[in-house]
$ cat my_file-v2.csv   # CSV, C-alpha atoms and all ligand atoms
chain,number,residue,atom,x,y,z
A,1,MET,CA,35.9,-19.7,-166.2
A,2,SER,CA,32.8,-21.8,-166.9
A,3,THR,CA,30.2,-23.4,-164.8
A,4,GLU,CA,30.6,-27.2,-164.9
A,5,THR,CA,29.1,-30.2,-163.2
A,6,SER,CA,31.3,-33.1,-162.0
A,7,LEU,CA,30.2,-36.6,-161.1
A,8,VAL,CA,31.8,-37.4,-157.7
A,9,LEU,CA,31.6,-40.9,-156.2
A,10,PHE,CA,32.3,-41.4,-152.6
A,11,LYS,CA,34.0,-44.8,-152.6
A,12,PRO,CA,33.4,-47.6,-150.1
A,13,ASP,CA,36.3,-46.4,-147.9
A,14,ALA,CA,34.8,-43.0,-147.6
A,15,VAL,CA,31.4,-44.4,-146.7
A,16,THR,CA,32.6,-46.9,-144.2
A,17,LYS,CA,35.0,-44.4,-142.5
A,18,ASP,CA,32.2,-41.8,-142.2
A,19,LEU,CA,34.1,-39.4,-144.5
A,20,LEU,CA,31.0,-38.3,-146.5
A,21,GLY,CA,30.3,-35.3,-144.2
A,22,PRO,CA,33.9,-33.9,-143.9
A,23,VAL,CA,34.7,-34.4,-147.5
A,24,LEU,CA,31.4,-33.0,-148.8
A,25,ALA,CA,32.0,-30.0,-146.5
A,26,ARG,CA,35.3,-29.4,-148.3
A,27,PHE,CA,33.6,-29.4,-151.7
A,28,GLN,CA,30.8,-27.1,-150.4
A,29,ALA,CA,33.4,-24.7,-148.7
A,30,ALA,CA,35.1,-24.5,-152.1
A,31,GLY,CA,31.8,-23.2,-153.6
A,32,PHE,CA,30.5,-26.4,-155.2
A,33,GLN,CA,26.8,-27.0,-154.9
A,34,ILE,CA,24.9,-30.4,-154.8
A,35,ARG,CA,22.7,-30.9,-157.8
A,36,ALA,CA,22.0,-34.6,-157.1
A,37,ILE,CA,22.9,-37.2,-154.5
A,38,LYS,CA,22.3,-40.9,-154.2
A,39,MET,CA,23.5,-43.9,-152.2
A,40,MET,CA,23.8,-47.1,-154.2
A,41,ARG,CA,25.5,-50.4,-154.5
A,42,LEU,CA,27.4,-50.9,-157.8
A,43,ASP,CA,27.1,-54.1,-159.8
A,44,GLU,CA,29.9,-55.4,-162.0
A,45,ALA,CA,28.2,-54.1,-165.2
A,46,ILE,CA,28.2,-50.4,-164.1
A,47,LEU,CA,31.8,-50.8,-162.8
A,48,ARG,CA,32.9,-52.2,-166.2
A,49,ASP,CA,31.4,-49.1,-167.9
A,50,HIS,CA,32.7,-46.7,-165.4
A,51,TYR,CA,36.2,-48.1,-165.4
A,52,ALA,CA,36.2,-49.2,-169.1
A,53,HIS,CA,39.7,-47.8,-169.5
A,54,LEU,CA,41.0,-50.2,-166.8
A,55,THR,CA,39.3,-53.5,-167.5
A,56,GLU,CA,42.5,-55.0,-169.1
A,57,MET,CA,44.7,-54.0,-166.1
A,58,PRO,CA,45.8,-56.8,-163.8
A,59,PHE,CA,44.3,-54.9,-160.8
A,60,PHE,CA,40.9,-54.5,-162.3
A,61,PRO,CA,39.3,-57.5,-160.4
A,62,SER,CA,40.6,-55.8,-157.1
A,63,ILE,CA,38.9,-52.6,-158.1
A,64,VAL,CA,35.6,-54.4,-158.6
A,65,GLU,CA,36.0,-56.1,-155.3
A,66,PHE,CA,36.9,-52.9,-153.5
A,67,MET,CA,34.1,-50.9,-155.1
A,68,GLN,CA,31.6,-53.5,-153.9
A,69,LEU,CA,32.7,-53.7,-150.3
A,70,ALA,CA,30.0,-51.2,-149.3
A,71,PRO,CA,27.6,-48.8,-151.0
A,72,VAL,CA,28.9,-45.7,-152.7
A,73,VAL,CA,27.4,-42.2,-152.7
A,74,ALA,CA,27.1,-40.5,-156.1
A,75,VAL,CA,27.0,-36.7,-156.1
A,76,ALA,CA,26.7,-34.2,-158.9
A,77,LEU,CA,28.6,-31.0,-157.9
A,78,GLU,CA,28.2,-27.8,-159.9
A,79,GLY,CA,30.4,-24.7,-159.9
A,80,GLU,CA,33.1,-22.7,-161.6
A,81,ASN,CA,35.7,-25.0,-163.3
A,82,ALA,CA,34.3,-27.9,-161.3
A,83,ILE,CA,36.1,-30.6,-163.3
A,84,ALA,CA,39.6,-29.4,-162.7
A,85,ALA,CA,39.0,-27.7,-159.3
A,86,ILE,CA,37.5,-30.8,-157.7
A,87,ARG,CA,40.3,-33.0,-159.0
A,88,ASP,CA,42.8,-30.5,-157.5
A,89,LEU,CA,41.0,-30.7,-154.2
A,90,LEU,CA,41.2,-34.6,-154.4
A,91,GLY,CA,44.9,-34.8,-155.3
A,92,PRO,CA,46.5,-37.5,-157.4
A,93,THR,CA,45.3,-41.0,-157.8
A,94,ASP,CA,48.0,-42.4,-155.5
A,95,SER,CA,47.0,-41.2,-152.0
A,96,GLN,CA,50.6,-41.8,-150.9
A,97,ALA,CA,51.8,-39.2,-153.4
A,98,ALA,CA,49.0,-36.8,-152.5
A,99,ALA,CA,50.0,-33.7,-150.5
A,100,PRO,CA,48.6,-33.0,-147.0
A,101,GLY,CA,45.6,-30.7,-147.3
A,102,THR,CA,44.3,-32.6,-150.3
A,103,ILE,CA,41.4,-35.0,-149.7
A,104,ARG,CA,43.4,-38.1,-150.8
A,105,GLY,CA,46.5,-36.8,-148.9
A,106,ASP,CA,44.5,-36.5,-145.7
A,107,TYR,CA,42.1,-39.5,-146.0
A,108,GLY,CA,43.3,-41.9,-148.7
A,109,VAL,CA,45.3,-45.1,-148.2
A,110,ASP,CA,46.9,-46.0,-151.5
A,111,LYS,CA,46.4,-46.0,-155.3
A,112,MET,CA,43.1,-47.9,-155.1
A,113,VAL,CA,41.6,-46.9,-151.8
A,114,ASN,CA,41.5,-43.2,-152.5
A,115,VAL,CA,38.2,-41.8,-151.1
A,116,CYS,CA,36.5,-40.3,-154.2
A,117,HIS,CA,36.2,-40.6,-157.9
A,118,ALA,CA,35.7,-37.3,-159.8
A,119,SER,CA,35.2,-36.8,-163.6
A,120,ASP,CA,38.3,-35.9,-165.5
A,121,SER,CA,36.8,-33.9,-168.4
A,122,VAL,CA,33.6,-32.2,-169.3
A,123,ASP,CA,32.8,-34.9,-171.8
A,124,ALA,CA,33.4,-37.7,-169.3
A,125,ALA,CA,31.2,-35.8,-166.7
A,126,GLU,CA,28.3,-35.8,-169.2
A,127,VAL,CA,28.5,-39.5,-169.7
A,128,GLU,CA,29.1,-40.3,-166.0
A,129,LEU,CA,26.2,-38.1,-164.8
A,130,GLN,CA,23.9,-40.0,-167.1
A,131,ARG,CA,25.4,-43.3,-165.9
A,132,PHE,CA,24.5,-42.5,-162.3
A,133,PHE,CA,21.5,-40.2,-162.5
A,134,LYS,CA,18.2,-40.1,-164.4
A,135,PRO,CA,17.4,-36.6,-165.8
A,136,ASP,CA,14.7,-36.0,-163.1
A,137,GLU,CA,17.2,-36.8,-160.3
A,138,LEU,CA,19.3,-33.7,-161.2
A,139,PHE,CA,18.1,-30.5,-159.7
A,140,ALA,CA,18.8,-26.9,-160.9
A,141,ILE,CA,18.4,-25.0,-157.6
B,201,LIG,P1,41.5,-41.4,-161.0
B,201,LIG,O1,40.4,-42.1,-160.1
B,201,LIG,O2,42.4,-40.6,-160.2
B,201,LIG,O3,40.9,-40.7,-162.2
B,201,LIG,P2,42.2,-43.6,-162.8
B,201,LIG,O4,41.1,-43.3,-163.7
B,201,LIG,O5,43.6,-43.9,-163.4
B,201,LIG,O6,42.4,-42.6,-161.6
B,201,LIG,O7,41.9,-45.0,-162.0
B,201,LIG,C1,40.6,-45.2,-161.5
B,201,LIG,C2,40.6,-45.9,-160.2
B,201,LIG,O8,41.2,-47.2,-160.3
B,201,LIG,C3,41.6,-45.2,-159.2
B,201,LIG,O9,40.9,-44.1,-158.5
B,201,LIG,C4,41.9,-46.3,-158.2
B,201,LIG,O10,40.8,-46.6,-157.3
B,201,LIG,C5,42.0,-47.5,-159.2
B,201,LIG,N1,43.4,-47.6,-159.6
B,201,LIG,C6,44.1,-46.9,-160.6
B,201,LIG,N2,45.3,-47.3,-160.7
B,201,LIG,C7,45.5,-48.3,-159.8
B,201,LIG,C8,46.6,-49.2,-159.5
B,201,LIG,N3,47.8,-49.0,-160.1
B,201,LIG,N4,46.4,-50.1,-158.5
B,201,LIG,C9,45.2,-50.2,-157.9
B,201,LIG,N5,44.1,-49.5,-158.2
B,201,LIG,C10,44.3,-48.5,-159.1
$ encode --input "my_file-v2.csv" --output "structure tokens"
Amino acid sequence: MSTETSLVLFKPDAVTKDLLGPVLARFQAAGFQIRAIKMMRLDEAILRDHYAHLTEMPFFPSIVEFMQLAPVVAVALEGENAIAAIRDLLGPTDSQAAAPGTIRGDYGVDKMVNVCHASDSVDAAEVELQRFFKPDELFAI
């Protein structure tokens, strides 16, 4: 077990459906602590960086459009095994395939509209935390 920090993005569907409170409560109930939080609009440049592994996919323009429908909320969540544990709480990318009781299973719509992003490795988290937060926006409480 190791203490890790994951970058979680509450996507526009979560923000417009008022899911920030209930979903954040699930992460906190599971023992994860907020180290940074910020509401922001994402421009195409940051989306191209964040979804660099998908820019050649036919659905990439739809992702850009979806991610710009409303502001997102970026949160740094710290705790034991945060990377894997938070992705387990989320469920798989496709909300339709996500089990009831997972966040995407309970609140997601489909493969794209799926409530939250969460870092998929310790290395990715390091890059993503720097992408969304300046060093003085992360708090060790
Ligand atoms: P995850 O967010 O679960 O780590 P990926 O990194 O594969 O998944 O994809 C990033 C995001 O791109 C997904 O969360 C989803 O919003 C969108 N996406 C992925 N695959 C598809 C798809 N086949 N069709 C539409 N959107 C997709």
$ residues_near_ligand --input "my_file-v2.csv" --ligand "ligand LIG 201 (chain B)" --cutoff "7 Å" --atoms "all atoms listed in the file" --output "list of chain:residue names"
A:Tyr51, A:Phe59, A:Ile63, A:Pro92, A:Thr93, A:Lys111, A:Met112, A:Val113, A:Asn114, A:His117, A:Ala118, A:Asp120
$ residues_around --input "my_file-v2.csv" --residues "Leu19 of chain A" --least-positions-apart "6" --cutoff "12 Å" --atoms "all atoms listed in the file" --output "PyMOL selection string"
chain A and resi 10-13+25-26+72-73+103-104+106-108+114-116
$ residues_around --input "my_file-v2.csv" --residues "Met40 of chain A" --least-positions-apart "2" --cutoff "9 Å" --atoms "all atoms listed in the file" --output "ChimeraX atom specification"
/A:38,42,70-74
$ atom_distance --input "my_file-v2.csv" --atom1 "atom CA of Ile37 of chain A" --atom2 "atom CA of Glu4 of chain A"
16.4 Å
$ closest_residue --input "my_file-v2.csv" --among "A:Gln96, A:Gln68, A:Gln28, A:Ser2" --to "Leu47 of chain A" --atoms "all atoms listed in the file"
A:Gln68
$ atom_distance --input "my_file-v2.csv" --atom1 "atom CA of Leu20 of chain A" --atom2 "atom CA of Leu90 of chain A"
13.4 Å
$ atom_distance --input "my_file-v2.csv" --atom1 "atom CA of Leu77 of chain A" --atom2 "atom CA of Phe133 of chain A"
12.5 Å
$ closest_residue --input "my_file-v2.csv" --among "A:Asn81, A:Ser95, A:Thr102, A:Gln130" --to "Thr5 of chain A" --atoms "only C-alpha atoms"
A:Asn81
